[in-house]
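Listing of structure-v4.tsv, TSV, C-alpha atoms
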chain	number	residue	atom	x	y	z
A	12	MET	CA	-9.75	-12.75	-5.05
A	13	THR	CA	-7.62	-14.73	-7.53
A	14	GLY	CA	-4.06	-15.94	-7.59
A	15	SER	CA	-1.93	-18.45	-5.73
A	16	THR	CA	-2.44	-19.13	-2.03
A	17	SER	CA	1.00	-17.65	-1.40
A	18	SER	CA	0.21	-14.37	-3.18
A	19	LEU	CA	-3.21	-14.18	-1.51
A	20	SER	CA	-1.70	-14.69	1.93
A	21	GLU	CA	0.94	-12.00	1.28
A	22	GLN	CA	-1.77	-9.61	0.13
A	23	ALA	CA	-3.91	-10.44	3.17
A	24	ALA	CA	-0.90	-9.89	5.45
A	25	SER	CA	-0.41	-6.48	3.81
A	26	GLN	CA	-4.08	-5.61	4.36
A	27	ILE	CA	-3.97	-6.58	8.03
A	28	MET	CA	-0.73	-4.62	8.43
A	29	ASP	CA	-2.57	-1.65	6.90
A	30	MET	CA	-5.32	-2.01	9.52
A	31	ILE	CA	-2.68	-1.79	12.25
A	32	LEU	CA	-0.14	0.70	10.90
A	33	VAL	CA	-2.18	2.91	8.56
A	34	GLU	CA	-5.83	2.80	9.62
A	35	ARG	CA	-4.89	2.50	13.34
A	36	ARG	CA	-7.79	0.12	13.95
A	37	PHE	CA	-5.72	-1.95	16.36
A	38	LYS	CA	-3.00	-1.00	18.82
A	39	THR	CA	-0.46	-2.94	20.84
A	40	GLY	CA	-2.29	-5.46	23.00
A	41	ASP	CA	-5.50	-5.39	20.96
A	42	LYS	CA	-7.03	-8.67	19.85
A	43	LEU	CA	-7.75	-9.13	16.14
A	44	PRO	CA	-11.28	-10.17	15.10
A	45	ASN	CA	-11.95	-13.91	15.21
A	46	GLU	CA	-10.80	-16.02	12.30
A	47	MET	CA	-14.17	-16.37	10.62
A	48	GLU	CA	-15.00	-12.66	10.86
A	49	LEU	CA	-11.59	-11.47	9.60
A	50	ALA	CA	-11.50	-14.01	6.73
A	51	GLU	CA	-14.96	-12.87	5.63
A	52	GLU	CA	-13.96	-9.18	5.75
A	53	LEU	CA	-10.87	-9.84	3.62
A	54	GLY	CA	-12.71	-12.15	1.24
A	55	ILE	CA	-10.28	-15.03	1.74
A	56	SER	CA	-10.35	-18.57	3.08
A	57	ARG	CA	-9.45	-19.34	6.68
A	58	VAL	CA	-6.44	-21.32	5.42
A	59	THR	CA	-5.15	-18.23	3.59
A	60	LEU	CA	-5.81	-16.07	6.66
A	61	ARG	CA	-3.82	-18.44	8.88
A	62	GLU	CA	-0.86	-18.17	6.50
A	63	ALA	CA	-1.18	-14.35	6.51
A	64	ILE	CA	-1.14	-14.36	10.32
A	65	ARG	CA	1.94	-16.59	10.26
A	66	ILE	CA	3.67	-14.04	8.01
A	67	LEU	CA	2.83	-11.23	10.43
A	68	CYS	CA	4.05	-13.35	13.35
A	69	THR	CA	7.44	-13.73	11.68
A	70	ARG	CA	7.55	-9.94	11.25
A	71	GLY	CA	6.90	-9.48	14.96
A	72	LEU	CA	3.67	-7.56	14.42
A	73	VAL	CA	1.25	-10.05	15.98
A	74	GLU	CA	1.36	-13.13	18.19
A	75	ILE	CA	-0.98	-16.07	18.66
A	76	LYS	CA	-2.00	-16.86	22.23
A	77	ARG	CA	-3.31	-20.39	22.39
A	78	GLY	CA	-6.98	-20.52	23.30
A	79	ARG	CA	-7.25	-16.71	23.36
A	80	GLY	CA	-6.70	-15.49	19.80
A	81	THR	CA	-4.27	-13.29	17.83
A	82	PHE	CA	-2.97	-10.09	19.42
A	83	VAL	CA	-1.03	-7.07	18.14
A	84	THR	CA	2.43	-7.11	19.71
A	85	SER	CA	3.83	-3.99	18.04
A	86	TYR	CA	2.05	-0.85	16.88
A	87	GLU	CA	5.00	-0.20	14.57
A	88	LEU	CA	7.24	-2.50	12.60
A	89	PRO	CA	10.53	-2.91	14.51
A	90	MET	CA	13.37	-0.87	13.07
A	91	PRO	CA	16.39	-0.69	15.36
A	92	GLY	CA	18.06	2.71	15.38
A	93	ALA	CA	15.36	4.52	13.41
A	94	ASP	CA	12.40	6.33	14.99
A	95	LEU	CA	10.22	8.10	12.45
A	96	SER	CA	7.13	8.37	14.67
A	97	PRO	CA	7.33	12.21	14.87
A	98	LEU	CA	6.32	12.23	11.19
A	99	GLU	CA	2.81	11.21	12.25
A	100	THR	CA	2.28	14.53	14.01
A	101	VAL	CA	3.23	16.68	11.00
A	102	SER	CA	0.35	18.69	9.57
A	103	ALA	CA	1.40	18.99	5.93
A	104	SER	CA	-0.16	20.77	2.98
A	105	ASN	CA	-1.10	18.84	-0.15
A	106	ARG	CA	1.95	20.32	-1.89
A	107	GLU	CA	4.24	19.03	0.84
A	108	LEU	CA	2.62	15.60	0.73
A	109	LEU	CA	3.12	15.44	-3.03
A	110	GLU	CA	6.71	16.62	-2.67
A	111	ILE	CA	7.55	13.82	-0.23
A	112	ARG	CA	5.87	11.35	-2.57
A	113	MET	CA	7.99	12.63	-5.44
A	114	MET	CA	11.09	12.17	-3.30
A	115	VAL	CA	10.40	8.60	-2.26
A	116	GLU	CA	7.93	6.84	-4.56
A	117	PRO	CA	9.80	6.91	-7.90
A	118	PRO	CA	12.91	5.35	-6.26
A	119	ALA	CA	10.63	2.86	-4.47
A	120	ALA	CA	9.19	1.84	-7.84
A	121	TYR	CA	12.76	1.48	-9.15
A	122	TYR	CA	13.72	-0.91	-6.35
A	123	ALA	CA	10.40	-2.76	-6.59
A	124	ALA	CA	11.18	-3.49	-10.23
A	125	LYS	CA	14.60	-4.79	-9.21
A	126	ARG	CA	13.64	-6.70	-6.04
A	127	ALA	CA	9.97	-7.75	-6.19
A	128	THR	CA	9.19	-11.46	-5.85
A	129	GLU	CA	6.74	-13.15	-8.20
A	130	GLU	CA	4.15	-13.08	-5.42
A	131	GLU	CA	4.63	-9.35	-4.92
A	132	ILE	CA	4.36	-8.68	-8.66
A	133	ASN	CA	1.13	-10.69	-8.73
A	134	ILE	CA	-0.28	-8.60	-5.88
A	135	ILE	CA	0.66	-5.32	-7.60
A	136	ARG	CA	-0.89	-6.54	-10.86
A	137	GLU	CA	-4.09	-7.71	-9.15
A	138	LEU	CA	-4.51	-4.41	-7.31
A	139	SER	CA	-4.10	-2.49	-10.56
A	140	GLN	CA	-6.84	-4.64	-12.08
A	141	LYS	CA	-9.09	-4.06	-9.07
A	142	ILE	CA	-8.69	-0.28	-9.50
A	143	GLU	CA	-9.82	-0.64	-13.13
A	144	GLU	CA	-12.80	-2.74	-12.05
A	145	ALA	CA	-13.79	-0.12	-9.47
A	146	ALA	CA	-13.50	2.65	-12.06
A	147	THR	CA	-15.66	0.65	-14.50
A	148	HIS	CA	-18.41	0.54	-11.90
A	149	GLY	CA	-18.03	4.22	-10.98
A	150	LYS	CA	-16.64	3.51	-7.53
A	151	ASN	CA	-13.97	5.64	-5.84
A	152	PRO	CA	-10.92	3.33	-5.61
A	153	VAL	CA	-9.06	5.26	-2.90
A	154	LYS	CA	-8.50	2.26	-0.61
A	155	ILE	CA	-7.35	0.03	-3.48
A	156	GLU	CA	-5.11	2.85	-4.76
A	157	GLN	CA	-3.50	3.02	-1.32
A	158	ASP	CA	-3.03	-0.76	-1.31
A	159	PHE	CA	-1.44	-0.54	-4.77
A	160	HIS	CA	1.16	2.00	-3.64
A	161	ASN	CA	1.70	0.12	-0.37
A	162	ALA	CA	2.37	-3.07	-2.32
A	163	ILE	CA	5.01	-1.30	-4.41
A	164	ALA	CA	6.59	0.15	-1.27
A	165	LEU	CA	6.72	-3.30	0.34
A	166	ALA	CA	8.20	-4.77	-2.85
A	167	SER	CA	11.07	-2.27	-2.64
A	168	HIS	CA	12.23	-4.27	0.41
A	169	ASN	CA	13.23	-1.11	2.27
A	170	GLN	CA	11.90	-0.82	5.82
A	171	PHE	CA	11.88	2.99	5.77
A	172	MET	CA	9.19	2.84	3.09
A	173	THR	CA	6.89	1.01	5.51
A	174	LYS	CA	7.24	3.91	7.96
A	175	LEU	CA	6.37	6.40	5.23
A	176	MET	CA	3.22	4.58	4.09
A	177	PRO	CA	0.81	6.55	6.33
A	178	ILE	CA	2.07	9.82	4.81
A	179	ILE	CA	1.82	8.47	1.27
A	180	ASN	CA	-1.68	7.19	1.94
A	181	LYS	CA	-2.78	10.54	3.32
A	182	SER	CA	-1.70	12.20	0.09
A	183	ILE	CA	-3.43	9.55	-2.03
A	184	TYR	CA	-6.66	10.10	-0.09
A	185	THR	CA	-6.42	13.85	-0.76
A	186	ASP	CA	-5.69	13.33	-4.46
A	187	LEU	CA	-8.56	10.92	-5.01
A	188	THR	CA	-11.15	13.34	-3.71
A	189	TYR	CA	-10.73	14.56	-7.31
A	190	PHE	CA	-11.88	11.14	-8.53
A	191	GLU	CA	-13.33	12.07	-11.90
A	192	GLU	CA	-10.35	14.21	-12.90
A	193	SER	CA	-7.73	11.72	-11.76
A	194	ILE	CA	-9.03	8.34	-12.86
A	195	THR	CA	-8.15	8.63	-16.56
A	196	TYR	CA	-4.55	9.45	-15.72
A	197	SER	CA	-4.34	6.88	-12.95
A	198	LEU	CA	-5.44	3.88	-14.99
A	199	GLN	CA	-2.89	4.48	-17.74
A	200	ASP	CA	-0.18	5.35	-15.23
A	201	HIS	CA	-0.82	2.13	-13.30
A	202	ARG	CA	-0.58	0.03	-16.44
A	203	GLU	CA	2.81	1.55	-17.23
A	204	ILE	CA	4.12	1.15	-13.68
A	205	VAL	CA	3.02	-2.49	-13.58
A	206	ARG	CA	4.47	-3.17	-17.04
A	207	PHE	CA	7.90	-1.88	-16.05
A	208	ILE	CA	7.89	-3.69	-12.70
A	209	GLU	CA	6.94	-6.94	-14.44
A	210	ALA	CA	9.83	-6.42	-16.84
A	211	GLY	CA	12.29	-5.69	-14.04
A	212	ASN	CA	12.95	-2.28	-15.64
A	213	GLY	CA	13.85	-0.03	-12.71
A	214	GLU	CA	14.42	3.12	-14.77
A	215	GLY	CA	11.10	2.70	-16.56
A	216	ALA	CA	9.19	2.06	-13.31
A	217	GLN	CA	10.80	5.13	-11.74
A	218	ALA	CA	9.86	7.34	-14.70
A	219	ALA	CA	6.29	5.98	-14.79
A	220	MET	CA	5.81	6.65	-11.08
A	221	ARG	CA	7.22	10.15	-11.46
A	222	LEU	CA	4.71	10.85	-14.25
A	223	HIS	CA	1.92	9.45	-12.07
A	224	ILE	CA	2.74	11.91	-9.29
A	225	LEU	CA	3.06	14.78	-11.78
A	226	HIS	CA	-0.51	14.02	-12.81
A	227	ALA	CA	-1.47	14.31	-9.13
A	228	TYR	CA	0.08	17.78	-9.14
A	229	GLN	CA	-2.00	18.61	-12.21
A	230	ILE	CA	-5.36	17.60	-10.72
A	231	SER	CA	-4.45	19.45	-7.53
A	232	ASN	CA	-3.78	22.62	-9.58
A	233	LEU	CA	-0.20	22.74	-8.33
A	234	GLN	CA	2.99	23.39	-10.27
A	235	PHE	CA	5.92	21.05	-9.80
A	236	GLU	CA	8.98	23.15	-9.00

Represent the supplied structure as structure tokens.
Amino acid sequence: MTGSTSSLSEQAASQIMDMILVERRFKTGDKLPNEMELAEELGISRVTLREAIRILCTRGLVEIKRGRGTFVTSYELPMPGADLSPLETVSASNRELLEIRMMVEPPAAYYAAKRATEEEINIIRELSQKIEEAATHGKNPVKIEQDFHNAIALASHNQFMTKLMPIINKSIYTDLTYFEESITYSLQDHREIVRFIEAGNGEGAQAAMRLHILHAYQISNLQFE
């Protein structure tokens, strides 16, 4: 991994948050793997991991118990007055998943372009590059693709987007089962999305994300209505 310690720690915090909120590897009360094991899995230094854990502590997602380790304190990010957990039980078709993505992801890209910090832009850029590297080596980049969209959602600085990440990721997983058909579109789409976010061009980022999802409709043999 490359980039500043700050951007690496933010990216690592996002990955750990994914493990808790999206992959459901850990629940409230569960202990995270020890420092050495988790740092090795994420490909980061222990110093960077400690900073990532500090970030998650400030978000109320984990807590450090001296002499015992780091524990998950909340299975969901706190959001007073908003409970979207019933969304997790919805069994949606691919069309419905793409429709919800079309509703939320282009505006998320718009706000990411307007609100993203330099660290967040670096993370989005690095993930786009990692997708290209995976494609070059013929690897399915589904996990990195999910991280890319998650990073944009986080950069929108809207807490509702965090709640919608599991649904978005489910759709991305479905789309990227069509790896060969989708990768040509995805790489160019990502470059455009990143370019507009870097430029702070909300309208451009929104349009680029909309086109990206339209390509997902195309590879899924669905018509956008």

For Arg65 (chain A), the nearest of the candidates A:Ile111, A:Asn151, A:Ser20, A:Pro118, counting all atoms listed in the file: A:Ser20

I need the residue nearest Ile31 (chain A) from this list: A:Ala219, A:Ile230, A:Val83, A:Ile142. Use all atoms listed in the file for the distance. A:Val83

Within 7 Å of Ile134 (chain A), counting only C-alpha atoms, which residues qualify if same-chain residues fewer than 3 places away don't, as a ChimeraX atom specification? /A:18,22,130-131,137-138

Could you pull the residues within 9 Å of region 123-125 of chain A, counting all atoms listed in the file, minus those fewer than 3 positions along the same chain, as a JSON list (two decimals) with C-alpha atoms, in the coordinates of the input?
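Generated output (part_2.json):
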[["chain", "number", "residue", "atom", "x", "y", "z"],
["A", 118, "PRO", "CA", 12.91, 5.35, -6.26],
["A", 119, "ALA", "CA", 10.63, 2.86, -4.47],
["A", 120, "ALA", "CA", 9.19, 1.84, -7.84],
["A", 128, "THR", "CA", 9.19, -11.46, -5.85],
["A", 131, "GLU", "CA", 4.63, -9.35, -4.92],
["A", 132, "ILE", "CA", 4.36, -8.68, -8.66],
["A", 163, "ILE", "CA", 5.01, -1.30, -4.41],
["A", 164, "ALA", "CA", 6.59, 0.15, -1.27],
["A", 165, "LEU", "CA", 6.72, -3.30, 0.34],
["A", 166, "ALA", "CA", 8.20, -4.77, -2.85],
["A", 167, "SER", "CA", 11.07, -2.27, -2.64],
["A", 168, "HIS", "CA", 12.23, -4.27, 0.41],
["A", 205, "VAL", "CA", 3.02, -2.49, -13.58],
["A", 207, "PHE", "CA", 7.90, -1.88, -16.05],
["A", 208, "ILE", "CA", 7.89, -3.69, -12.70],
["A", 209, "GLU", "CA", 6.94, -6.94, -14.44],
["A", 210, "ALA", "CA", 9.83, -6.42, -16.84],
["A", 211, "GLY", "CA", 12.29, -5.69, -14.04],
["A", 212, "ASN", "CA", 12.95, -2.28, -15.64],
["A", 213, "GLY", "CA", 13.85, -0.03, -12.71],
["A", 214, "GLU", "CA", 14.42, 3.12, -14.77],
["A", 215, "GLY", "CA", 11.10, 2.70, -16.56],
["A", 216, "ALA", "CA", 9.19, 2.06, -13.31],
["A", 217, "GLN", "CA", 10.80, 5.13, -11.74]]

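Straight-line separation from CA of Asn161 (chain A) to CA of Asp29 (chain A): 8.6 Å.
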
note - CA of Met113 (chain A) and CA of Glu21 (chain A) are separated by 26.5 Å

Name the closest residue to Met30 (chain A) among the candidates A:Leu53, A:Met114, A:Ile135, A:Met47; distances are taken between atoms, counting all atoms listed in the file.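 Checking each of A:Leu53, A:Met114, A:Ile135, A:Met47 against Met30 (chain A), counting all atoms listed in the file, the winner is A:Leu53.
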
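With distances restricted to all atoms listed in the file, A:Ile224 is the closest residue to Arg112 (chain A) from A:Cys68, A:Arg79, A:Ile224, A:Glu143.
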
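One finds CA of Leu198 (chain A) at 10.3 Å from CA of Glu144 (chain A).
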
So that I can check the surroundings of Pro44 (chain A), please list as a ChimeraX atom specification every protein, DNA and RNA residue that reaches within 12 Å of it, counting all atoms listed in the file and ignoring chain neighbours fewer than 2 positions away. /A:27,30,36-37,41-42,46-53,60,64,79-83

Can you work out which one of A:Arg126, A:Arg106, A:Lys76, A:Lys38 has the shortest atom-to-atom distance to Asn169 (chain A), counting only C-alpha atoms?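 Among the listed residues, A:Arg126 lies closest to Asn169 (chain A).
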